[in-house]
>>> print(open('structure_36.pdb').read())   # PDB, C-alpha atoms, pLDDT in the B column
ATOM      1  CA  MET X   1      47.111 156.567 107.662  1.00 66.00           C
ATOM      2  CA  LYS X   2      45.745 153.907 110.012  1.00 75.00           C
ATOM      3  CA  GLU X   3      45.360 150.309 108.904  1.00 85.00           C
ATOM      4  CA  PHE X   4      42.349 149.910 106.622  1.00 90.00           C
ATOM      5  CA  ILE X   5      40.172 147.438 104.776  1.00 92.00           C
ATOM      6  CA  LEU X   6      38.639 147.810 101.318  1.00 95.00           C
ATOM      7  CA  MET X   7      35.069 147.056 100.343  1.00 95.00           C
ATOM      8  CA  ALA X   8      33.142 147.469  97.114  1.00 97.00           C
ATOM      9  CA  GLY X   9      29.773 147.380  95.421  1.00 97.00           C
ATOM     10  CA  ALA X  10      29.320 147.300  91.646  1.00 98.00           C
ATOM     11  CA  ILE X  11      26.864 146.964  88.809  1.00 97.00           C
ATOM     12  CA  SER X  12      27.185 146.868  85.020  1.00 96.00           C
ATOM     13  CA  ASP X  13      23.810 147.238  83.326  1.00 92.00           C
ATOM     14  CA  LYS X  14      23.067 146.723  79.623  1.00 86.00           C
ATOM     15  CA  GLY X  15      19.864 148.713  79.806  1.00 75.00           C
ATOM     16  CA  ASP X  16      16.727 148.350  77.736  1.00 72.00           C
ATOM     17  CA  ILE X  17      17.946 149.787  74.432  1.00 71.00           C
ATOM     18  CA  ARG X  18      21.401 148.399  73.664  1.00 78.00           C
ATOM     19  CA  GLU X  19      21.615 144.815  72.433  1.00 79.00           C
ATOM     20  CA  VAL X  20      25.097 144.317  73.903  1.00 87.00           C
ATOM     21  CA  ASN X  21      26.758 145.564  77.068  1.00 91.00           C
ATOM     22  CA  GLN X  22      30.027 147.001  75.794  1.00 93.00           C
ATOM     23  CA  ASP X  23      31.139 147.893  79.327  1.00 95.00           C
ATOM     24  CA  ASN X  24      33.373 145.564  81.314  1.00 97.00           C
ATOM     25  CA  ILE X  25      34.434 145.952  84.941  1.00 98.00           C
ATOM     26  CA  LEU X  26      36.973 144.323  87.234  1.00 98.00           C
ATOM     27  CA  ILE X  27      37.304 144.244  91.033  1.00 98.00           C
ATOM     28  CA  LYS X  28      40.321 142.669  92.710  1.00 98.00           C
ATOM     29  CA  ILE X  29      41.091 142.880  96.441  1.00 97.00           C
ATOM     30  CA  GLY X  30      44.089 141.268  98.136  1.00 94.00           C
ATOM     31  CA  GLU X  31      45.650 141.470 101.584  1.00 89.00           C
ATOM     32  CA  ASP X  32      49.202 142.037 102.745  1.00 84.00           C
ATOM     33  CA  GLU X  33      50.532 142.058 106.319  1.00 77.00           C
ATOM     34  CA  ASN X  34      48.684 145.192 107.434  1.00 79.00           C
ATOM     35  CA  ASN X  35      46.147 146.380 104.874  1.00 87.00           C
ATOM     36  CA  ASP X  36      44.018 145.357 101.947  1.00 93.00           C
ATOM     37  CA  PHE X  37      45.129 146.406  98.497  1.00 95.00           C
ATOM     38  CA  GLY X  38      42.933 146.541  95.437  1.00 97.00           C
ATOM     39  CA  MET X  39      42.435 147.223  91.754  1.00 98.00           C
ATOM     40  CA  PHE X  40      39.187 148.551  90.302  1.00 98.00           C
ATOM     41  CA  ILE X  41      38.597 149.064  86.571  1.00 98.00           C
ATOM     42  CA  VAL X  42      35.830 150.267  84.281  1.00 98.00           C
ATOM     43  CA  CYS X  43      36.169 149.928  80.506  1.00 98.00           C
ATOM     44  CA  ASP X  44      33.548 151.254  78.085  1.00 96.00           C
ATOM     45  CA  GLY X  45      33.806 149.780  74.593  1.00 95.00           C
ATOM     46  CA  LEU X  46      33.094 152.325  71.897  1.00 90.00           C
ATOM     47  CA  GLY X  47      29.566 151.867  70.565  1.00 67.00           C
ATOM     48  CA  GLY X  48      30.369 153.590  67.284  1.00 70.00           C
ATOM     49  CA  LEU X  49      33.182 151.179  66.488  1.00 74.00           C
ATOM     50  CA  SER X  50      33.024 147.479  65.693  1.00 69.00           C
ATOM     51  CA  SER X  51      33.407 144.988  68.542  1.00 85.00           C
ATOM     52  CA  GLY X  52      33.639 147.524  71.342  1.00 91.00           C
ATOM     53  CA  GLU X  53      32.733 144.827  73.847  1.00 93.00           C
ATOM     54  CA  VAL X  54      35.731 142.783  72.653  1.00 94.00           C
ATOM     55  CA  ALA X  55      38.083 145.728  73.159  1.00 96.00           C
ATOM     56  CA  SER X  56      36.868 146.377  76.705  1.00 97.00           C
ATOM     57  CA  LYS X  57      37.094 142.679  77.536  1.00 96.00           C
ATOM     58  CA  MET X  58      40.647 142.474  76.155  1.00 97.00           C
ATOM     59  CA  ALA X  59      41.700 145.306  78.466  1.00 98.00           C
ATOM     60  CA  ILE X  60      40.085 143.677  81.497  1.00 98.00           C
ATOM     61  CA  ILE X  61      41.658 140.275  80.759  1.00 98.00           C
ATOM     62  CA  SER X  62      45.106 141.858  80.442  1.00 98.00           C
ATOM     63  CA  PHE X  63      44.821 143.535  83.839  1.00 98.00           C
ATOM     64  CA  LYS X  64      43.449 140.356  85.407  1.00 98.00           C
ATOM     65  CA  GLN X  65      46.455 138.399  84.108  1.00 97.00           C
ATOM     66  CA  TRP X  66      48.799 141.097  85.384  1.00 96.00           C
ATOM     67  CA  TRP X  67      47.210 140.923  88.842  1.00 96.00           C
ATOM     68  CA  GLU X  68      47.486 137.141  88.961  1.00 95.00           C
ATOM     69  CA  GLY X  69      51.007 137.049  87.550  1.00 93.00           C
ATOM     70  CA  GLU X  70      53.420 139.982  87.767  1.00 90.00           C
ATOM     71  CA  LEU X  71      51.890 142.008  90.600  1.00 92.00           C
ATOM     72  CA  ILE X  72      52.936 139.793  93.516  1.00 86.00           C
ATOM     73  CA  TYR X  73      56.535 139.820  92.250  1.00 87.00           C
ATOM     74  CA  LEU X  74      56.467 143.623  91.974  1.00 88.00           C
ATOM     75  CA  LEU X  75      55.165 144.057  95.511  1.00 85.00           C
ATOM     76  CA  LYS X  76      57.744 141.640  96.902  1.00 84.00           C
ATOM     77  CA  GLN X  77      60.425 143.737  95.223  1.00 87.00           C
ATOM     78  CA  ASN X  78      59.033 146.881  96.894  1.00 81.00           C
ATOM     79  CA  LEU X  79      58.338 148.470  93.530  1.00 81.00           C
ATOM     80  CA  GLU X  80      55.151 150.227  94.612  1.00 82.00           C
ATOM     81  CA  GLU X  81      56.744 153.597  93.895  1.00 82.00           C
ATOM     82  CA  ASP X  82      56.873 152.522  90.250  1.00 90.00           C
ATOM     83  CA  LEU X  83      53.238 151.402  90.091  1.00 92.00           C
ATOM     84  CA  GLN X  84      52.108 154.614  88.440  1.00 92.00           C
ATOM     85  CA  TYR X  85      54.475 154.007  85.525  1.00 93.00           C
ATOM     86  CA  ILE X  86      53.847 150.260  85.417  1.00 95.00           C
ATOM     87  CA  LEU X  87      50.098 150.810  85.011  1.00 97.00           C
ATOM     88  CA  THR X  88      50.737 153.290  82.196  1.00 97.00           C
ATOM     89  CA  ASP X  89      53.089 150.882  80.431  1.00 97.00           C
ATOM     90  CA  LEU X  90      50.490 148.110  80.670  1.00 97.00           C
ATOM     91  CA  ILE X  91      47.887 150.345  79.035  1.00 98.00           C
ATOM     92  CA  MET X  92      50.328 151.046  76.209  1.00 98.00           C
ATOM     93  CA  VAL X  93      50.758 147.289  75.647  1.00 98.00           C
ATOM     94  CA  ILE X  94      46.969 146.812  75.692  1.00 98.00           C
ATOM     95  CA  ASN X  95      46.630 149.643  73.182  1.00 98.00           C
ATOM     96  CA  LYS X  96      48.961 147.875  70.751  1.00 97.00           C
ATOM     97  CA  ASN X  97      47.179 144.542  71.194  1.00 97.00           C
ATOM     98  CA  ILE X  98      43.750 146.047  70.511  1.00 96.00           C
ATOM     99  CA  ILE X  99      45.082 147.865  67.453  1.00 95.00           C
ATOM    100  CA  LYS X 100      46.463 144.556  66.211  1.00 95.00           C
ATOM    101  CA  TYR X 101      43.090 142.878  66.793  1.00 94.00           C
ATOM    102  CA  GLY X 102      41.297 145.662  64.917  1.00 93.00           C
ATOM    103  CA  LEU X 103      43.598 145.237  61.934  1.00 93.00           C
ATOM    104  CA  SER X 104      42.954 141.479  61.964  1.00 93.00           C
ATOM    105  CA  ILE X 105      39.194 141.981  61.590  1.00 90.00           C
ATOM    106  CA  GLY X 106      39.459 145.004  59.299  1.00 90.00           C
ATOM    107  CA  ASN X 107      37.731 147.436  61.694  1.00 89.00           C
ATOM    108  CA  LYS X 108      38.653 150.022  64.285  1.00 88.00           C
ATOM    109  CA  VAL X 109      38.116 148.800  67.835  1.00 92.00           C
ATOM    110  CA  GLY X 110      38.379 150.906  70.975  1.00 96.00           C
ATOM    111  CA  THR X 111      37.616 151.295  74.646  1.00 97.00           C
ATOM    112  CA  THR X 112      37.923 153.754  77.482  1.00 97.00           C
ATOM    113  CA  LEU X 113      39.972 152.510  80.430  1.00 98.00           C
ATOM    114  CA  SER X 114      39.941 153.867  83.981  1.00 98.00           C
ATOM    115  CA  VAL X 115      42.039 152.108  86.628  1.00 98.00           C
ATOM    116  CA  LEU X 116      42.161 152.795  90.363  1.00 98.00           C
ATOM    117  CA  PHE X 117      44.874 150.913  92.278  1.00 97.00           C
ATOM    118  CA  ILE X 118      45.068 151.194  96.076  1.00 96.00           C
ATOM    119  CA  TYR X 119      48.156 150.077  97.976  1.00 93.00           C
ATOM    120  CA  LYS X 120      49.394 150.974 101.464  1.00 90.00           C
ATOM    121  CA  ASP X 121      48.535 154.640 102.041  1.00 90.00           C
ATOM    122  CA  LYS X 122      48.263 155.695  98.396  1.00 94.00           C
ATOM    123  CA  TYR X 123      46.023 155.418  95.381  1.00 97.00           C
ATOM    124  CA  TYR X 124      47.218 155.288  91.779  1.00 97.00           C
ATOM    125  CA  ILE X 125      45.149 156.217  88.718  1.00 98.00           C
ATOM    126  CA  ALA X 126      45.745 155.441  85.055  1.00 98.00           C
ATOM    127  CA  HIS X 127      43.059 156.614  82.650  1.00 98.00           C
ATOM    128  CA  VAL X 128      42.176 157.079  78.982  1.00 98.00           C
ATOM    129  CA  GLY X 129      38.822 158.246  77.612  1.00 96.00           C
ATOM    130  CA  ASP X 130      35.678 159.665  79.207  1.00 95.00           C
ATOM    131  CA  SER X 131      34.895 157.158  81.908  1.00 97.00           C
ATOM    132  CA  ARG X 132      35.622 158.778  85.258  1.00 97.00           C
ATOM    133  CA  ILE X 133      37.010 158.299  88.762  1.00 98.00           C
ATOM    134  CA  TYR X 134      35.690 160.414  91.630  1.00 97.00           C
ATOM    135  CA  SER X 135      36.621 160.750  95.288  1.00 97.00           C
ATOM    136  CA  ILE X 136      34.056 161.393  98.011  1.00 94.00           C
ATOM    137  CA  THR X 137      35.029 162.783 101.396  1.00 88.00           C
ATOM    138  CA  ASN X 138      32.939 165.785 102.464  1.00 82.00           C
ATOM    139  CA  GLU X 139      32.383 166.589  98.799  1.00 88.00           C
ATOM    140  CA  ILE X 140      32.763 164.984  95.390  1.00 94.00           C
ATOM    141  CA  THR X 141      35.982 165.556  93.448  1.00 95.00           C
ATOM    142  CA  GLN X 142      36.585 164.341  89.895  1.00 96.00           C
ATOM    143  CA  LEU X 143      40.076 162.830  89.862  1.00 98.00           C
ATOM    144  CA  THR X 144      40.345 162.133  86.124  1.00 97.00           C
ATOM    145  CA  GLU X 145      40.257 164.349  83.052  1.00 94.00           C
ATOM    146  CA  ASP X 146      37.883 163.537  80.202  1.00 93.00           C
ATOM    147  CA  HIS X 147      39.613 162.896  76.897  1.00 91.00           C
ATOM    148  CA  SER X 148      36.607 164.246  74.999  1.00 78.00           C
ATOM    149  CA  TYR X 149      36.053 167.015  72.472  1.00 78.00           C
ATOM    150  CA  VAL X 150      33.730 168.962  74.773  1.00 79.00           C
ATOM    151  CA  ALA X 151      36.185 168.671  77.687  1.00 75.00           C
ATOM    152  CA  TYR X 152      38.855 170.128  75.394  1.00 73.00           C
ATOM    153  CA  LYS X 153      36.534 173.012  74.559  1.00 80.00           C
ATOM    154  CA  VAL X 154      35.717 173.664  78.225  1.00 70.00           C
ATOM    155  CA  LYS X 155      39.404 173.597  79.159  1.00 76.00           C
ATOM    156  CA  ASN X 156      40.136 176.187  76.467  1.00 81.00           C
ATOM    157  CA  ASN X 157      37.160 178.417  77.386  1.00 74.00           C
ATOM    158  CA  MET X 158      35.336 177.595  74.155  1.00 79.00           C
ATOM    159  CA  MET X 159      32.325 176.069  75.935  1.00 80.00           C
ATOM    160  CA  THR X 160      30.728 176.147  79.384  1.00 75.00           C
ATOM    161  CA  LEU X 161      30.218 173.038  81.526  1.00 76.00           C
ATOM    162  CA  LYS X 162      26.456 173.331  81.009  1.00 74.00           C
ATOM    163  CA  GLU X 163      26.900 173.556  77.239  1.00 73.00           C
ATOM    164  CA  ALA X 164      29.242 170.574  77.291  1.00 72.00           C
ATOM    165  CA  LYS X 165      26.719 168.436  79.155  1.00 74.00           C
ATOM    166  CA  GLU X 166      24.011 169.248  76.608  1.00 68.00           C
ATOM    167  CA  SER X 167      26.186 169.184  73.479  1.00 70.00           C
ATOM    168  CA  ASN X 168      25.588 166.683  70.673  1.00 72.00           C
ATOM    169  CA  GLU X 169      29.392 166.352  70.548  1.00 70.00           C
ATOM    170  CA  ARG X 170      29.751 165.130  74.139  1.00 73.00           C
ATOM    171  CA  ASN X 171      30.401 161.529  73.048  1.00 74.00           C
ATOM    172  CA  VAL X 172      33.236 162.460  70.668  1.00 79.00           C
ATOM    173  CA  LEU X 173      36.547 161.259  72.138  1.00 87.00           C
ATOM    174  CA  MET X 174      39.936 162.842  71.533  1.00 91.00           C
ATOM    175  CA  GLN X 175      41.595 159.537  72.413  1.00 94.00           C
ATOM    176  CA  CYS X 176      40.789 156.015  73.562  1.00 95.00           C
ATOM    177  CA  VAL X 177      42.625 152.707  73.884  1.00 97.00           C
ATOM    178  CA  GLY X 178      43.020 150.713  70.669  1.00 96.00           C
ATOM    179  CA  VAL X 179      42.699 153.279  67.887  1.00 94.00           C
ATOM    180  CA  LYS X 180      45.996 155.184  67.580  1.00 93.00           C
ATOM    181  CA  ASN X 181      49.591 154.285  68.424  1.00 94.00           C
ATOM    182  CA  GLU X 182      50.062 157.655  70.133  1.00 93.00           C
ATOM    183  CA  LEU X 183      48.399 157.598  73.531  1.00 96.00           C
ATOM    184  CA  ASP X 184      48.611 160.150  76.342  1.00 95.00           C
ATOM    185  CA  VAL X 185      47.643 158.267  79.510  1.00 97.00           C
ATOM    186  CA  PHE X 186      46.322 160.419  82.356  1.00 97.00           C
ATOM    187  CA  SER X 187      48.173 159.331  85.475  1.00 96.00           C
ATOM    188  CA  VAL X 188      48.160 160.485  89.085  1.00 96.00           C
ATOM    189  CA  ARG X 189      49.224 159.282  92.526  1.00 96.00           C
ATOM    190  CA  ASP X 190      48.072 160.663  95.865  1.00 96.00           C
ATOM    191  CA  LYS X 191      47.600 159.761  99.530  1.00 95.00           C
ATOM    192  CA  LEU X 192      44.424 158.129 100.752  1.00 94.00           C
ATOM    193  CA  LYS X 193      42.161 160.073 103.068  1.00 91.00           C
ATOM    194  CA  GLU X 194      40.446 158.477 106.019  1.00 85.00           C
ATOM    195  CA  ASN X 195      36.990 157.108 105.211  1.00 86.00           C
ATOM    196  CA  GLU X 196      37.387 157.951 101.521  1.00 92.00           C
ATOM    197  CA  ILE X 197      34.963 156.528  98.969  1.00 95.00           C
ATOM    198  CA  PHE X 198      35.802 156.232  95.273  1.00 97.00           C
ATOM    199  CA  ILE X 199      33.514 156.023  92.252  1.00 98.00           C
ATOM    200  CA  ILE X 200      34.765 154.433  89.021  1.00 98.00           C
ATOM    201  CA  CYS X 201      32.127 154.722  86.300  1.00 98.00           C
ATOM    202  CA  SER X 202      31.283 154.870  82.610  1.00 96.00           C
ATOM    203  CA  ASP X 203      29.727 157.959  81.023  1.00 93.00           C
ATOM    204  CA  GLY X 204      26.341 156.251  81.005  1.00 93.00           C
ATOM    205  CA  PHE X 205      26.431 156.489  84.813  1.00 95.00           C
ATOM    206  CA  TYR X 206      27.319 160.152  85.278  1.00 93.00           C
ATOM    207  CA  ASN X 207      25.551 161.761  82.310  1.00 90.00           C
ATOM    208  CA  LYS X 208      22.203 162.091  84.087  1.00 90.00           C
ATOM    209  CA  LEU X 209      23.362 162.426  87.696  1.00 93.00           C
ATOM    210  CA  GLU X 210      24.085 165.505  89.785  1.00 90.00           C
ATOM    211  CA  SER X 211      26.446 165.651  92.755  1.00 90.00           C
ATOM    212  CA  LYS X 212      23.467 165.948  95.099  1.00 91.00           C
ATOM    213  CA  ASP X 213      22.080 162.638  93.792  1.00 92.00           C
ATOM    214  CA  ILE X 214      25.325 160.865  94.576  1.00 92.00           C
ATOM    215  CA  LEU X 215      25.799 162.444  98.010  1.00 90.00           C
ATOM    216  CA  ALA X 216      22.208 161.602  98.957  1.00 89.00           C
ATOM    217  CA  ASN X 217      22.820 157.914  98.259  1.00 89.00           C
ATOM    218  CA  ILE X 218      26.465 157.463  99.271  1.00 86.00           C
ATOM    219  CA  ASN X 219      26.920 158.559 102.853  1.00 72.00           C
ATOM    220  CA  TYR X 220      29.761 157.202 104.919  1.00 61.00           C
ATOM    221  CA  HIS X 221      28.608 155.089 107.863  1.00 60.00           C
ATOM    222  CA  GLU X 222      30.694 153.648 110.664  1.00 61.00           C
ATOM    223  CA  ASP X 223      29.217 150.304 109.706  1.00 75.00           C
ATOM    224  CA  LEU X 224      29.916 150.748 105.975  1.00 84.00           C
ATOM    225  CA  ASP X 225      30.178 147.387 104.266  1.00 90.00           C
ATOM    226  CA  ASN X 226      29.915 145.728 100.858  1.00 93.00           C
ATOM    227  CA  GLU X 227      26.122 145.446 101.133  1.00 93.00           C
ATOM    228  CA  ILE X 228      25.657 149.170 101.773  1.00 92.00           C
ATOM    229  CA  LEU X 229      27.849 150.042  98.796  1.00 95.00           C
ATOM    230  CA  GLN X 230      26.053 147.516  96.587  1.00 96.00           C
ATOM    231  CA  THR X 231      22.662 148.946  97.539  1.00 94.00           C
ATOM    232  CA  ALA X 232      23.884 152.476  96.791  1.00 95.00           C
ATOM    233  CA  ALA X 233      25.238 151.416  93.381  1.00 96.00           C
ATOM    234  CA  GLU X 234      21.942 149.751  92.454  1.00 96.00           C
ATOM    235  CA  GLU X 235      19.870 152.733  93.577  1.00 96.00           C
ATOM    236  CA  LEU X 236      21.980 155.213  91.586  1.00 96.00           C
ATOM    237  CA  VAL X 237      21.712 153.083  88.451  1.00 96.00           C
ATOM    238  CA  ARG X 238      17.940 152.911  88.992  1.00 95.00           C
ATOM    239  CA  ILE X 239      17.840 156.737  89.118  1.00 95.00           C
ATOM    240  CA  VAL X 240      19.886 156.958  85.920  1.00 95.00           C
ATOM    241  CA  ARG X 241      17.569 154.548  84.110  1.00 94.00           C
ATOM    242  CA  ASN X 242      14.462 156.399  85.292  1.00 94.00           C
ATOM    243  CA  ARG X 243      15.888 159.589  83.795  1.00 94.00           C
ATOM    244  CA  GLY X 244      16.034 158.009  80.362  1.00 91.00           C
ATOM    245  CA  GLU X 245      19.677 156.965  79.978  1.00 91.00           C
ATOM    246  CA  THR X 246      19.976 154.640  76.967  1.00 87.00           C
ATOM    247  CA  ASP X 247      23.678 153.807  77.188  1.00 90.00           C
ATOM    248  CA  ASN X 248      25.223 150.915  79.091  1.00 93.00           C
ATOM    249  CA  VAL X 249      25.741 151.938  82.730  1.00 95.00           C
ATOM    250  CA  SER X 250      28.624 150.710  84.909  1.00 97.00           C
ATOM    251  CA  VAL X 251      29.797 151.811  88.341  1.00 98.00           C
ATOM    252  CA  ILE X 252      32.100 150.535  91.081  1.00 98.00           C
ATOM    253  CA  LEU X 253      31.907 152.061  94.562  1.00 97.00           C
ATOM    254  CA  VAL X 254      35.013 151.504  96.694  1.00 97.00           C
ATOM    255  CA  GLY X 255      35.104 152.219 100.419  1.00 95.00           C
ATOM    256  CA  VAL X 256      38.283 152.678 102.469  1.00 93.00           C
ATOM    257  CA  LYS X 257      37.406 151.869 106.072  1.00 89.00           C
ATOM    258  CA  ASN X 258      39.741 152.123 109.042  1.00 84.00           C
ATOM    259  CA  LYS X 259      40.297 148.916 110.970  1.00 79.00           C
ATOM    260  CA  ILE X 260      38.914 148.983 114.477  1.00 69.00           C
TER     261      ILE X 260
END
>>> encode(input="structure_36.pdb", output="structure tokens")
Amino acid sequence: MKEFILMAGAISDKGDIREVNQDNILIKIGEDENNDFGMFIVCDGLGGLSSGEVASKMAIISFKQWWEGELIYLLKQNLEEDLQYILTDLIMVINKNIIKYGLSIGNKVGTTLSVLFIYKDKYYIAHVGDSRIYSITNEITQLTEDHSYVAYKVKNNMMTLKEAKESNERNVLMQCVGVKNELDVFSVRDKLKENEIFIICSDGFYNKLESKDILANINYHEDLDNEILQTAAEELVRIVRNRGETDNVSVILVGVKNKI
């Protein structure tokens, strides 16, 4: 792939109903000799558990410290081929720390965690829960698997996608970070495509959106920049709110643009 730069737009909205925004997001972009590299995270604290906003913030802080501390050493050692496993191991450490915090306050605490890491010509994903990561080229592709009860039913032909979207059980998670010691982290690595755009979002963002809504507001332009992505993020959240979404809504739009 040609040399590229990264750009992003993001919004995390508490909404009109919830008293606390239990979502937390993180955007980090650095630069090496040829290309930008970046890390983009959405965490959705569990509303049904105590201190969900604390759990999501703990996860974000841990990744921020990792970025500012260990990452540069890893890249200098040319360990990018191990990034997929390093991200998974970090989530396992975060899981233990959140469990420990929950025990200290006498309540279960949890969060979803979806990480997109871009370096050189590849992207790396580590994910737990029902937040999502999508890729947009000529179409929208969901890159993560939902760790939800309805997703399990759909996968095993016990429910249709339409039924899953309308089910009262759609918010029931099979796993999240901070509740159980056993954790199966979804992990994938793949090559970047030219002019690719990524969406990292909480379930409050995608619940009331269709693919056509997203494609109508996120079109790749030759002059794509942070402002265009920010405007698109804000417009999509406005659409979600107008359709009656009551959950916290968080989204990060990431553009991969070839250098001229």
>>> residues_around(input="structure_36.pdb", residues="X:Gly30", least_positions_apart="6", cutoff="12 Å", atoms="all atoms listed in the file", output="PyMOL selection string")
chain X and resi 5-7+36-40+67-68+71-72+75+117-120
>>> closest_atom_pairs(input="structure_36.pdb", of="stretch 163-196 of chain X", to="stretch 234-254 of chain X", cutoff="12 Å", atoms="only C-alpha atoms", output="CSV")
residue,atom,partner,partner_atom,distance
X:Asn171,CA,X:Asp247,CA,11.0
X:Asn195,CA,X:Val254,CA,10.4
X:Glu196,CA,X:Val254,CA,8.4
>>> write_last_selection(input="structure_36.pdb", atoms="C-alpha atoms", output="PDB file, keeping the file's coordinate frame")
ATOM      1  CA  ASN X 171      30.401 161.529  73.048  1.00 74.00           C
ATOM      2  CA  ASN X 195      36.990 157.108 105.211  1.00 86.00           C
ATOM      3  CA  GLU X 196      37.387 157.951 101.521  1.00 92.00           C
TER       4      GLU X 196
END
>>> closest_atom_pairs(input="structure_36.pdb", of="stretch 70-159 of chain X", to="stretch 210-216 of chain X", cutoff="9 Å", atoms="only C-alpha atoms", output="CSV")
residue,atom,partner,partner_atom,distance
X:Ile136,CA,X:Leu215,CA,8.3
X:Glu139,CA,X:Leu215,CA,7.8
X:Ile140,CA,X:Ser211,CA,6.9
>>> atom_distance(input="structure_36.pdb", atom1="atom CA of X:Val42", atom2="atom CA of X:Val188")
16.7 Å
>>> closest_residue(input="structure_36.pdb", among="X:Asn156, X:Gln230, X:Gln84, X:Ser114", to="X:Ile11", atoms="all atoms listed in the file")
X:Gln230
>>> resolve_selection(input="structure_36.pdb", expression="the PyMOL selection byres ((chain X and resi 126) around 9)", output="ChimeraX atom specification")
/X:84-85,87-88,91,113-117,124-125,127-128,144,185-188
>>> write_last_selection(input="structure_36.pdb", atoms="C-alpha atoms", output="short mmCIF file (atom, residue, chain, number, x, y, z; two decimals), keeping the file's coordinate frame")
data_model
loop_
_atom_site.label_atom_id
_atom_site.label_comp_id
_atom_site.auth_asym_id
_atom_site.auth_seq_id
_atom_site.Cartn_x
_atom_site.Cartn_y
_atom_site.Cartn_z
CA GLN X 84 52.11 154.61 88.44
CA TYR X 85 54.48 154.01 85.52
CA LEU X 87 50.10 150.81 85.01
CA THR X 88 50.74 153.29 82.20
CA ILE X 91 47.89 150.34 79.04
CA LEU X 113 39.97 152.51 80.43
CA SER X 114 39.94 153.87 83.98
CA VAL X 115 42.04 152.11 86.63
CA LEU X 116 42.16 152.79 90.36
CA PHE X 117 44.87 150.91 92.28
CA TYR X 124 47.22 155.29 91.78
CA ILE X 125 45.15 156.22 88.72
CA HIS X 127 43.06 156.61 82.65
CA VAL X 128 42.18 157.08 78.98
CA THR X 144 40.34 162.13 86.12
CA VAL X 185 47.64 158.27 79.51
CA PHE X 186 46.32 160.42 82.36
CA SER X 187 48.17 159.33 85.48
CA VAL X 188 48.16 160.49 89.08
#
>>> resolve_selection(input="structure_36.pdb", expression="the PyMOL selection byres ((chain X and resi 4) around 8)", output="list of chain:residue names")
X:Lys2, X:Glu3, X:Ile5, X:Leu6, X:Asn34, X:Asn35, X:Asp36, X:Val256, X:Lys257, X:Asn258, X:Lys259
>>> resolve_selection(input="structure_36.pdb", expression="the PyMOL selection byres ((chain X and resi 129) around 12)", output="ChimeraX atom specification")
/X:42-46,110-115,126-128,130-133,144-149,151,170-179,183-186,201-203
>>> atom_distance(input="structure_36.pdb", atom1="atom CA of X:Ala164", atom2="atom CA of X:Gly204")
15.1 Å
